[in-house]
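Structure file work_19.txt (compact mmCIF, C-alpha atoms and all ligand atoms) follows.
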```txt
# COMPACT_ATOMS: atom_id res chain seq x y z
CA MET R 1 16.92 -7.50 -1.08
CA CYS R 2 16.27 -4.69 -3.52
CA ALA R 3 13.52 -4.53 -6.09
CA PHE R 4 14.91 -3.11 -9.30
CA LYS R 5 12.59 -1.19 -11.59
CA GLN R 6 10.42 -3.37 -13.81
CA PRO R 7 8.89 -2.25 -17.12
CA LEU R 8 5.86 -0.29 -16.07
CA THR R 9 4.16 0.78 -19.27
CA LEU R 10 1.51 -1.94 -19.39
CA ARG R 11 0.64 -1.71 -15.74
CA LYS R 12 0.57 2.06 -16.00
CA THR R 13 -1.88 1.93 -18.90
CA LEU R 14 -4.15 -0.52 -17.12
CA LEU R 15 -4.00 1.41 -13.89
CA GLY R 16 -4.65 4.61 -15.80
CA LEU R 17 -7.76 3.12 -17.38
CA ALA R 18 -9.01 1.76 -14.08
CA VAL R 19 -8.47 5.03 -12.30
CA ALA R 20 -9.95 7.11 -15.10
CA GLY R 21 -13.03 4.92 -14.82
CA THR R 22 -13.41 5.26 -11.07
CA LEU R 23 -12.23 8.76 -10.40
CA GLY R 24 -13.32 10.46 -13.58
CA ALA R 25 -12.56 14.16 -13.67
CA THR R 26 -10.99 14.34 -10.18
CA GLN R 27 -7.86 12.45 -11.23
CA ALA R 28 -6.52 13.20 -14.68
CA GLN R 29 -3.76 10.63 -14.98
CA ALA R 30 -2.40 7.83 -12.84
CA GLY R 31 1.34 8.05 -12.52
CA ASP R 32 4.07 5.87 -11.08
CA VAL R 33 6.25 6.86 -8.22
CA GLU R 34 9.19 4.65 -7.43
CA VAL R 35 10.48 5.23 -3.93
CA LEU R 36 13.89 4.13 -2.72
CA HIS R 37 14.17 3.72 1.05
CA TRP R 38 15.69 1.41 3.65
CA TRP R 39 12.66 1.01 5.89
CA THR R 40 12.62 -2.78 6.03
CA SER R 41 12.46 -3.74 9.74
CA GLY R 42 9.05 -4.61 11.24
CA GLY R 43 8.36 -1.10 12.59
CA GLU R 44 9.88 0.66 9.58
CA ALA R 45 7.89 -1.36 7.05
CA ARG R 46 4.63 -0.63 8.90
CA ALA R 47 5.48 3.06 8.70
CA ALA R 48 6.47 3.00 4.99
CA ASN R 49 3.24 1.24 4.19
CA VAL R 50 1.27 4.26 5.44
CA LEU R 51 2.70 6.36 2.63
CA LYS R 52 2.20 3.66 0.02
CA GLU R 53 -1.48 3.38 0.94
CA LEU R 54 -2.07 7.12 0.87
CA VAL R 55 -0.41 7.45 -2.56
CA GLU R 56 -2.48 4.57 -3.93
CA GLU R 57 -5.69 6.02 -2.50
CA GLU R 58 -5.01 9.01 -4.76
CA GLY R 59 -4.94 6.66 -7.73
CA HIS R 60 -1.20 6.53 -8.33
CA HIS R 61 1.04 3.49 -8.39
CA TRP R 62 3.73 3.04 -5.73
CA GLU R 63 6.75 1.10 -6.89
CA ASP R 64 8.60 -0.05 -3.79
CA PHE R 65 12.38 0.13 -4.02
CA ALA R 66 13.40 -1.06 -0.56
CA VAL R 67 17.08 -1.75 0.04
CA ALA R 68 17.69 -3.45 3.39
CA GLY R 69 20.50 -2.21 5.61
CA GLY R 70 20.15 0.01 8.67
CA GLY R 71 21.53 3.52 8.38
CA GLY R 72 21.09 3.39 4.60
CA GLU R 73 24.67 2.85 3.42
CA THR R 74 23.67 0.04 1.04
CA ALA R 75 20.67 2.02 -0.18
CA MET R 76 22.92 4.95 -1.06
CA THR R 77 25.33 2.70 -2.97
CA VAL R 78 22.45 1.23 -4.98
CA LEU R 79 21.05 4.72 -5.59
CA LYS R 80 24.39 5.89 -6.96
CA SER R 81 24.60 3.02 -9.43
CA ARG R 82 21.01 3.59 -10.58
CA ALA R 83 21.68 7.31 -11.04
CA MET R 84 24.93 6.63 -12.90
CA SER R 85 23.11 4.43 -15.35
CA GLY R 86 20.70 7.30 -16.01
CA ASN R 87 17.74 5.65 -14.32
CA PRO R 88 17.24 7.05 -10.82
CA PRO R 89 13.98 6.34 -8.98
CA SER R 90 11.56 9.26 -8.75
CA ALA R 91 11.92 9.64 -5.00
CA ALA R 92 14.64 8.57 -2.59
CA GLN R 93 15.32 8.73 1.11
CA ILE R 94 18.19 11.22 1.09
CA LYS R 95 19.11 13.28 4.11
CA GLY R 96 20.99 16.34 5.32
CA PRO R 97 24.00 17.65 3.38
CA GLU R 98 23.69 14.77 0.91
CA ILE R 99 20.64 16.52 -0.55
CA GLN R 100 23.00 19.31 -1.61
CA GLU R 101 25.38 16.80 -3.21
CA TRP R 102 22.56 15.39 -5.39
CA GLY R 103 21.26 18.89 -6.09
CA ASP R 104 24.72 19.97 -7.29
CA LEU R 105 24.64 17.14 -9.84
CA GLY R 106 21.51 18.72 -11.30
CA LEU R 107 19.42 15.59 -10.82
CA LEU R 108 16.75 16.84 -8.43
CA GLY R 109 13.45 18.39 -9.51
CA SER R 110 11.80 21.41 -7.90
CA LEU R 111 8.89 21.02 -5.50
CA ASP R 112 8.29 24.76 -5.23
CA ASP R 113 4.80 24.55 -6.77
CA VAL R 114 3.67 22.10 -4.10
CA ALA R 115 5.53 23.97 -1.37
CA GLU R 116 3.87 27.23 -2.31
CA SER R 117 0.34 25.94 -2.59
CA GLU R 118 0.72 23.99 0.68
CA GLY R 119 2.49 26.80 2.57
CA TRP R 120 5.56 24.74 3.56
CA ASP R 121 7.54 27.86 4.47
CA GLU R 122 4.99 28.68 7.16
CA LYS R 123 4.62 25.10 8.37
CA LEU R 124 8.26 24.09 8.73
CA PRO R 125 10.88 25.37 11.18
CA GLY R 126 13.58 27.33 9.32
CA VAL R 127 16.34 24.82 10.19
CA VAL R 128 14.32 21.99 8.67
CA ALA R 129 13.22 23.93 5.56
CA ASN R 130 16.80 24.96 4.76
CA VAL R 131 17.99 21.37 4.62
CA MET R 132 15.23 20.60 2.09
CA LYS R 133 16.22 23.38 -0.33
CA HIS R 134 18.87 23.48 -3.00
CA ASP R 135 19.66 26.86 -4.58
CA GLY R 136 16.64 28.26 -2.75
CA GLN R 137 14.16 25.72 -4.18
CA TYR R 138 12.53 22.84 -2.35
CA VAL R 139 13.88 19.55 -3.73
CA ALA R 140 12.97 17.32 -0.76
CA VAL R 141 10.22 16.95 1.79
CA PRO R 142 10.83 16.13 5.48
CA VAL R 143 9.12 13.09 6.88
CA ASN R 144 9.93 13.27 10.59
CA VAL R 145 12.42 14.15 13.30
CA HIS R 146 14.26 11.27 14.93
CA ARG R 147 16.30 11.67 18.09
CA VAL R 148 19.44 9.55 18.04
CA ASN R 149 20.68 9.82 21.65
CA TRP R 150 18.22 7.49 23.36
CA LEU R 151 18.64 4.61 25.78
CA TRP R 152 16.08 1.77 25.62
CA ALA R 153 15.72 -0.70 28.45
CA ASN R 154 13.87 -3.72 29.68
CA PRO R 155 12.59 -2.85 33.20
CA GLU R 156 12.34 -6.47 34.33
CA VAL R 157 15.96 -7.16 33.52
CA LEU R 158 17.06 -4.00 35.34
CA GLU R 159 15.05 -5.08 38.34
CA GLU R 160 16.48 -8.60 38.31
CA ALA R 161 19.95 -7.06 38.31
CA GLY R 162 18.97 -4.60 41.03
CA VAL R 163 19.94 -1.50 39.06
CA ALA R 164 18.18 1.71 38.07
CA LEU R 165 18.20 3.19 34.58
CA PRO R 166 21.67 4.82 34.32
CA THR R 167 21.82 8.59 33.81
CA THR R 168 25.60 9.02 33.56
CA LEU R 169 28.37 7.06 31.86
CA ASP R 170 29.75 5.97 35.25
CA GLU R 171 26.34 4.66 36.27
CA MET R 172 26.10 2.87 32.95
CA PHE R 173 29.41 1.04 33.43
CA ALA R 174 28.51 0.12 37.02
CA ALA R 175 25.02 -1.08 36.01
CA GLY R 176 26.63 -3.08 33.21
CA GLU R 177 28.66 -5.12 35.67
CA ALA R 178 25.64 -5.91 37.84
CA ILE R 179 23.57 -6.89 34.81
CA ARG R 180 26.32 -9.16 33.53
CA GLU R 181 26.56 -10.82 36.95
CA ALA R 182 22.80 -11.38 36.91
CA GLY R 183 23.25 -13.34 33.67
CA TYR R 184 22.09 -10.89 31.00
CA VAL R 185 23.77 -9.00 28.17
CA PRO R 186 24.08 -5.41 29.51
CA LEU R 187 24.02 -3.63 26.14
CA ALA R 188 22.54 -5.05 22.93
CA HIS R 189 24.53 -3.94 19.89
CA GLY R 190 25.07 -4.84 16.28
CA GLY R 191 28.66 -4.65 15.06
CA GLN R 192 28.12 -2.61 11.89
CA ALA R 193 29.98 0.62 11.13
CA TRP R 194 26.91 2.87 11.38
CA GLN R 195 25.83 1.33 14.70
CA ASP R 196 29.34 1.74 16.10
CA ALA R 197 29.21 5.39 14.96
CA THR R 198 25.79 5.84 16.58
CA VAL R 199 27.15 4.72 19.95
CA PHE R 200 30.36 6.71 19.42
CA GLU R 201 28.67 10.07 18.81
CA THR R 202 26.45 9.55 21.84
CA VAL R 203 29.42 8.75 24.08
CA LEU R 204 31.29 11.73 22.63
CA LEU R 205 28.42 14.00 23.66
CA ALA R 206 28.26 12.44 27.13
CA THR R 207 32.01 12.80 27.63
CA ALA R 208 32.65 16.24 26.20
CA GLY R 209 29.34 18.10 25.72
CA ASN R 210 27.55 19.98 22.98
CA ASP R 211 30.17 22.57 22.03
CA PHE R 212 32.89 19.96 21.70
CA TYR R 213 30.55 17.76 19.65
CA ARG R 214 29.98 20.65 17.29
CA ARG R 215 33.67 21.48 17.01
CA THR R 216 34.54 17.89 16.14
CA MET R 217 31.58 16.36 14.31
CA VAL R 218 30.32 19.46 12.47
CA ASP R 219 33.28 21.88 12.12
CA LEU R 220 35.95 19.14 11.94
CA ASP R 221 38.32 21.33 13.96
CA PRO R 222 41.68 19.45 13.85
CA GLU R 223 42.76 20.75 17.24
CA ALA R 224 39.62 19.39 18.91
CA LEU R 225 39.73 16.15 16.93
CA GLY R 226 43.22 15.39 18.21
CA SER R 227 42.66 16.67 21.77
CA GLU R 228 42.72 15.01 25.19
CA GLN R 229 38.93 15.25 25.34
CA MET R 230 38.62 13.27 22.12
CA ILE R 231 40.99 10.65 23.53
CA GLU R 232 38.87 10.40 26.67
CA ALA R 233 35.68 10.05 24.58
CA LEU R 234 37.29 7.30 22.50
CA GLU R 235 38.33 5.47 25.67
CA ASN R 236 34.79 5.64 27.07
CA PHE R 237 33.45 4.43 23.74
CA LYS R 238 35.79 1.44 23.76
CA ARG R 239 34.70 0.62 27.33
CA MET R 240 31.14 0.19 26.03
CA ARG R 241 32.40 -2.92 24.26
CA GLU R 242 32.71 -4.60 27.64
CA LEU R 243 28.93 -4.31 28.01
CA MET R 244 28.24 -6.05 24.69
CA ASP R 245 28.12 -9.73 23.75
CA ASP R 246 30.38 -11.84 21.54
CA GLY R 247 27.68 -12.43 18.95
CA MET R 248 27.35 -8.76 17.99
CA SER R 249 29.41 -8.86 14.81
CA GLY R 250 27.26 -7.96 11.77
CA ARG R 251 24.02 -8.09 13.76
CA ASP R 252 21.20 -5.85 12.49
CA TRP R 253 19.99 -3.11 14.84
CA ASN R 254 16.44 -4.49 15.04
CA ILE R 255 17.78 -7.87 16.12
CA ALA R 256 19.61 -6.03 18.90
CA THR R 257 16.30 -4.35 19.84
CA SER R 258 14.61 -7.74 19.91
CA MET R 259 17.18 -8.86 22.50
CA VAL R 260 15.93 -6.08 24.78
CA ILE R 261 12.30 -6.97 24.01
CA SER R 262 12.82 -10.65 24.83
CA GLY R 263 14.81 -9.93 27.99
CA LYS R 264 18.07 -11.40 26.75
CA ALA R 265 19.65 -7.96 27.02
CA ALA R 266 18.98 -5.05 29.37
CA MET R 267 19.60 -1.97 27.22
CA GLN R 268 20.31 -0.57 23.76
CA LEU R 269 21.72 2.79 22.68
CA MET R 270 19.85 3.58 19.47
CA GLY R 271 17.74 6.26 17.79
CA ASP R 272 13.99 6.20 18.26
CA TRP R 273 13.33 4.06 15.19
CA ALA R 274 13.96 1.36 17.86
CA LYS R 275 10.65 2.44 19.39
CA GLY R 276 8.99 1.37 16.14
CA GLU R 277 10.06 -2.20 17.01
CA PHE R 278 8.66 -2.01 20.55
CA THR R 279 5.42 -0.55 19.13
CA ALA R 280 5.17 -3.24 16.44
CA ALA R 281 5.54 -5.84 19.22
CA GLY R 282 2.52 -4.28 20.97
CA LEU R 283 4.55 -2.98 23.94
CA GLU R 284 3.91 0.12 26.01
CA PRO R 285 6.55 2.61 27.08
CA GLY R 286 6.93 3.16 30.82
CA LYS R 287 5.52 -0.31 31.47
CA ASP R 288 6.96 -2.92 29.10
CA TYR R 289 10.03 -0.91 28.14
CA LEU R 290 11.75 2.31 29.18
CA CYS R 291 13.09 5.21 27.14
CA ALA R 292 15.43 7.89 28.44
CA PRO R 293 18.07 10.23 27.03
CA ALA R 294 21.33 8.31 26.63
CA PRO R 295 23.38 8.53 29.86
CA GLY R 296 25.08 11.91 30.18
CA THR R 297 23.21 13.48 27.24
CA GLU R 298 20.09 14.83 28.94
CA HIS R 299 20.83 18.33 27.60
CA SER R 300 21.52 17.25 24.04
CA PHE R 301 19.33 16.21 21.16
CA THR R 302 21.09 14.64 18.19
CA PHE R 303 18.62 15.17 15.41
CA ASN R 304 18.12 13.03 12.34
CA ILE R 305 15.52 14.18 9.84
CA ASP R 306 14.33 11.64 7.31
CA SER R 307 13.40 13.22 4.00
CA LEU R 308 12.42 12.18 0.51
CA ALA R 309 14.23 13.95 -2.31
CA MET R 310 12.66 14.01 -5.76
CA PHE R 311 14.54 13.23 -8.96
CA ARG R 312 13.58 14.90 -12.22
CA VAL R 313 11.01 12.84 -14.12
CA SER R 314 9.93 13.41 -17.70
CA GLU R 315 6.35 12.09 -17.87
CA GLU R 316 3.66 14.44 -16.70
CA ALA R 317 1.64 11.72 -14.95
CA ASP R 318 4.71 10.58 -13.04
CA GLN R 319 5.46 14.12 -12.01
CA GLU R 320 1.91 14.39 -10.77
CA ALA R 321 2.35 11.22 -8.74
CA GLN R 322 5.61 12.55 -7.34
CA HIS R 323 4.05 15.88 -6.38
CA THR R 324 1.10 14.08 -4.79
CA LEU R 325 3.57 12.07 -2.70
CA ALA R 326 5.35 15.25 -1.61
CA ARG R 327 2.07 16.93 -0.66
CA LEU R 328 0.85 13.90 1.31
CA VAL R 329 4.05 13.68 3.35
CA LEU R 330 3.43 16.98 5.10
CA GLU R 331 -0.29 16.50 5.59
CA PRO R 332 -1.44 15.85 9.19
CA GLU R 333 -2.78 12.36 8.48
CA PHE R 334 0.52 11.02 7.18
CA GLN R 335 2.59 12.86 9.78
CA LYS R 336 0.57 11.33 12.58
CA THR R 337 0.13 7.76 11.36
CA PHE R 338 3.63 7.37 9.98
CA ASN R 339 5.40 8.81 13.01
CA LEU R 340 3.33 6.81 15.49
CA ALA R 341 4.61 3.68 13.75
CA LYS R 342 8.15 4.92 13.10
CA GLY R 343 9.00 6.13 16.62
CA SER R 344 9.83 9.66 15.49
CA ILE R 345 7.99 12.96 15.95
CA PRO R 346 6.32 14.97 13.17
CA ALA R 347 8.42 17.31 11.04
CA ARG R 348 5.71 19.98 11.52
CA PRO R 349 5.61 21.45 15.02
CA ASP R 350 1.99 22.65 14.69
CA LEU R 351 0.33 19.22 14.87
CA ASP R 352 -1.73 17.72 17.68
CA MET R 353 0.52 15.33 19.66
CA SER R 354 -2.11 13.99 22.05
CA GLU R 355 -2.02 10.49 20.61
CA PHE R 356 1.76 10.22 20.87
CA ASP R 357 3.33 8.32 23.78
CA GLN R 358 5.53 9.65 26.59
CA CYS R 359 8.80 9.04 24.69
CA ALA R 360 7.56 11.10 21.73
CA GLN R 361 6.25 13.84 24.05
CA LYS R 362 9.66 13.97 25.72
CA SER R 363 11.35 14.06 22.35
CA LEU R 364 9.31 17.07 21.26
CA GLU R 365 9.85 18.87 24.58
CA ASP R 366 13.58 18.20 24.47
CA PHE R 367 13.79 19.26 20.81
CA GLN R 368 12.33 22.64 21.73
CA ARG R 369 14.32 22.99 24.97
CA THR R 370 17.67 22.06 23.42
CA ALA R 371 16.96 24.34 20.44
CA ASP R 372 16.67 27.22 22.93
CA GLU R 373 19.59 26.16 25.12
CA GLY R 374 22.05 25.18 22.38
CA GLY R 375 22.02 21.38 22.69
CA LEU R 376 20.28 20.63 19.41
CA VAL R 377 23.02 19.06 17.28
CA PRO R 378 22.99 17.22 13.93
CA SER R 379 23.77 13.51 14.01
CA MET R 380 27.05 12.65 12.30
CA ALA R 381 26.22 8.94 12.27
CA HIS R 382 22.95 9.59 10.43
CA GLY R 383 24.19 11.90 7.73
CA MET R 384 23.05 15.23 9.17
CA ALA R 385 26.36 16.82 10.09
CA VAL R 386 28.93 16.44 7.31
CA ARG R 387 29.23 15.43 3.67
CA SER R 388 29.01 11.74 2.92
CA ASP R 389 32.73 11.32 2.14
CA VAL R 390 33.71 12.88 5.47
CA GLN R 391 31.15 10.73 7.25
CA GLY R 392 32.59 7.63 5.58
CA ALA R 393 36.11 8.57 6.69
CA ILE R 394 34.98 9.07 10.31
CA PHE R 395 33.07 5.76 10.23
CA ASP R 396 36.26 3.97 9.16
CA VAL R 397 38.29 5.35 12.05
CA VAL R 398 35.53 4.72 14.60
CA THR R 399 34.81 1.16 13.59
CA ASN R 400 38.49 0.19 13.13
CA PHE R 401 39.30 1.55 16.56
CA PHE R 402 36.30 -0.19 18.14
CA ASN R 403 37.23 -3.53 16.63
CA SER R 404 40.98 -3.43 16.90
CA PRO R 405 42.53 -4.61 20.16
CA ASP R 406 45.82 -2.89 19.28
CA MET R 407 44.84 0.63 18.22
CA SER R 408 45.19 3.14 21.07
CA ALA R 409 42.77 6.01 21.61
CA GLU R 410 45.66 8.42 20.88
CA GLN R 411 46.24 6.78 17.50
CA ALA R 412 42.53 6.83 16.72
CA ALA R 413 42.31 10.54 17.54
CA GLN R 414 45.26 11.22 15.22
CA ARG R 415 43.58 9.21 12.47
CA MET R 416 40.45 11.24 12.97
CA VAL R 417 42.50 14.44 12.36
CA SER R 418 44.05 12.98 9.19
CA ALA R 419 40.70 11.65 7.95
CA ALA R 420 39.06 15.05 8.32
CA GLN R 421 41.99 16.81 6.63
CA ALA R 422 42.16 14.37 3.73
CA VAL R 423 38.62 15.03 2.68
CA MET R 424 38.47 18.77 3.30
C1 LIG E 501 17.14 6.49 9.36
C2 LIG E 501 15.92 5.88 9.98
C3 LIG E 501 16.08 4.37 9.98
C4 LIG E 501 17.40 3.98 10.66
C5 LIG E 501 17.65 2.50 10.70
C6 LIG E 501 18.40 6.00 10.04
O1 LIG E 501 19.53 6.54 9.42
O2 LIG E 501 17.09 7.90 9.50
O3 LIG E 501 14.77 6.24 9.28
O4 LIG E 501 14.99 3.81 10.64
O5 LIG E 501 18.46 4.58 9.96
O6 LIG E 501 17.65 1.96 9.43
```
As structure tokens, what does this structure read like?
Ligand code: BGC
Amino acid sequence: MCAFKQPLTLRKTLLGLAVAGTLGATQAQAGDVEVLHWWTSGGEARAANVLKELVEEEGHHWEDFAVAGGGGETAMTVLKSRAMSGNPPSAAQIKGPEIQEWGDLGLLGSLDDVAESEGWDEKLPGVVANVMKHDGQYVAVPVNVHRVNWLWANPEVLEEAGVALPTTLDEMFAAGEAIREAGYVPLAHGGQAWQDATVFETVLLATAGNDFYRRTMVDLDPEALGSEQMIEALENFKRMRELMDDGMSGRDWNIATSMVISGKAAMQLMGDWAKGEFTAAGLEPGKDYLCAPAPGTEHSFTFNIDSLAMFRVSEEADQEAQHTLARLVLEPEFQKTFNLAKGSIPARPDLDMSEFDQCAQKSLEDFQRTADEGGLVPSMAHGMAVRSDVQGAIFDVVTNFFNSPDMSAEQAAQRMVSAAQAVM
């Protein structure tokens, strides 16, 4: 599952000699860059490979440290144990407020030299740049912008069931019944805490809107967390279970996507990394599959920015490799090729989007529109809204409630209040 670091000295020397021979003066030293990530599904691996190839074209060695597990919880656990034993990788997929947690430990190295020579401050939107900085210095580089509140659907299954793509929660529940009667699984889902949380935050937005989402998932306001609106959102969330199948327990998200692809299921609520799976299967949006904002969330955009944070490294050649990686990530070639495969949109708003499909075009348009109108909100389920311990506490309540036949929505709301207070 995860490739732990192997002794690299010999390979490094050989690679160094080979590169010195071929590149001469243009490349002083070949370094190693070990990259921890959780991009292991078909679409994700295609995307990660883009970066590996670009780094290797520059003469450096990419050491893949892939830890399977959607949402990255396992990857973060492995990262913590590597860091505790004094041997972190040089780069790791770390996002949102967690970048600050690693920065506070003093383990991250500065990318300011790269940022300055490449003009990152001018290229990145302020909201994105701020997340990448610790104590005013760049310590991470953004890879993309994912939208979490998407609905994916198989048009043939919808047609068989005689339903249109739902745009509200009520339409979704009604469509679900018709789809079930037609013999299909209405909503493909994998019963894992982060997937439950992904559906929960989307239903919360649909039920109670952007301001309430912010009060609960970002500000952790106890009054809102325990309110009637939260209870209603939890009830709607639990109703989604009726649209799912019995085999969902422990299922990976990409397996759920493959149920929509194969026509076993009609729909999936998932971020646009799911599009990477449709793309890898050679399918076209609007024809072979449909994408739309999750029902009831047309005016919201739950953002999830993947980023690579850089750990301090001692060897000069490795630092060079690390800085090369950081530079490449924000260059147009990587931003385009990676994001076409990953399902996301570029982290830089100034790039040509003509080769991107209609879902990506809509994502960009909605990102800009919701930023102006106030519906651009950070995803709690994907580590953009709160610290990791708070996120873990919310996950526990959400997934226990979803899976427990006895817990009422009122009890779950109260647990949410206690969970937020305990970690504050
Ligand atoms: C990450 C995506 C990844 C998804 C599924 C999200 O948290 O941001 O890059 O594709 O999890 O693993």
Open item on the list: Which residues are near stretch 203-217 of chain R? Cut-off 6 Å, all atoms listed in the file, ignore same chain within fewer than 3 positions. Put them as a PyMOL selection string.
Closed with: chain R and resi 200+220-221+224-225+233+237+296-297+375
Open item on the list: Would you pick out the contacts of R:Ala385 at 10 Å or less, using only C-alpha atoms, so that residues sharing its chain but fewer than 2 positions from it are not included, and give the list as a VMD selection string?
Closed with: chain R and resid 96 to 98 214 217 to 219 302 to 304 377 to 383 387 to 388 390 to 391
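By chain and then residue number, the residues within 12 Å of R:Glu373 are Asn210, Asp211, Glu298, His299, Ser300, Phe301, Asp366 and Phe367 of chain R, counting all atoms listed in the file and disregarding those fewer than 6 positions away in sequence.
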Open item on the list: Taking all atoms listed in the file into account, which residues have an atom no farther than 8 Å from ligand LIG 501 (chain E)? I'd like them as a PyMOL selection string.
Closed with: chain R and resi 38-41+44+69-72+95+146+253+271+273-274+304-306+342+381-383
Open item on the list: Using all atoms listed in the file, list the residues that have an atom at most 12 Å from (0.7, 12.8, 14.6), coordinates as in the file, as a ChimeraX atom specification.
Closed with: /R:143-145,329-357,360-361,364
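Across the model, the gap from atom CA of R:Cys359 to atom CA of R:Asn149 is 12.3 Å.
Interatomic distance, atom CA of R:Pro186 to atom CA of R:Glu73: 27.4 Å.
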Open item on the list: Could you list, as a ChimeraX atom specification, every residue within 10 Å of R:Leu151, counting all atoms listed in the file and ignoring same-chain residues fewer than 4 positions away?
Closed with: /R:165-167,187,267-272,274,290-295
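Rounded to one decimal, atom CA of R:Leu308 and atom CA of R:Ala140 lie 5.3 Å from each other.
Among the candidate residues R:Gln322, R:Ser408, R:Ser363, R:Asn154, the one lying nearest to R:Ala266 is R:Asn154, with distances computed using all atoms listed in the file.
With distances taken over all atoms listed in the file, R:His189 is the one residue among R:Arg312, R:His134, R:Lys264, R:His189 lying closest to R:Met248.
Across R:Val386, R:Lys275, R:Lys362, R:Leu234, the tightest approach to R:Phe401 is made by R:Leu234 when counting only C-alpha atoms.
In terms of minimum interatomic distance to R:Ala68, R:Asn254 ranks closest within R:Ala182, R:Ser227, R:Asn254, R:Asp135, counting all atoms listed in the file.
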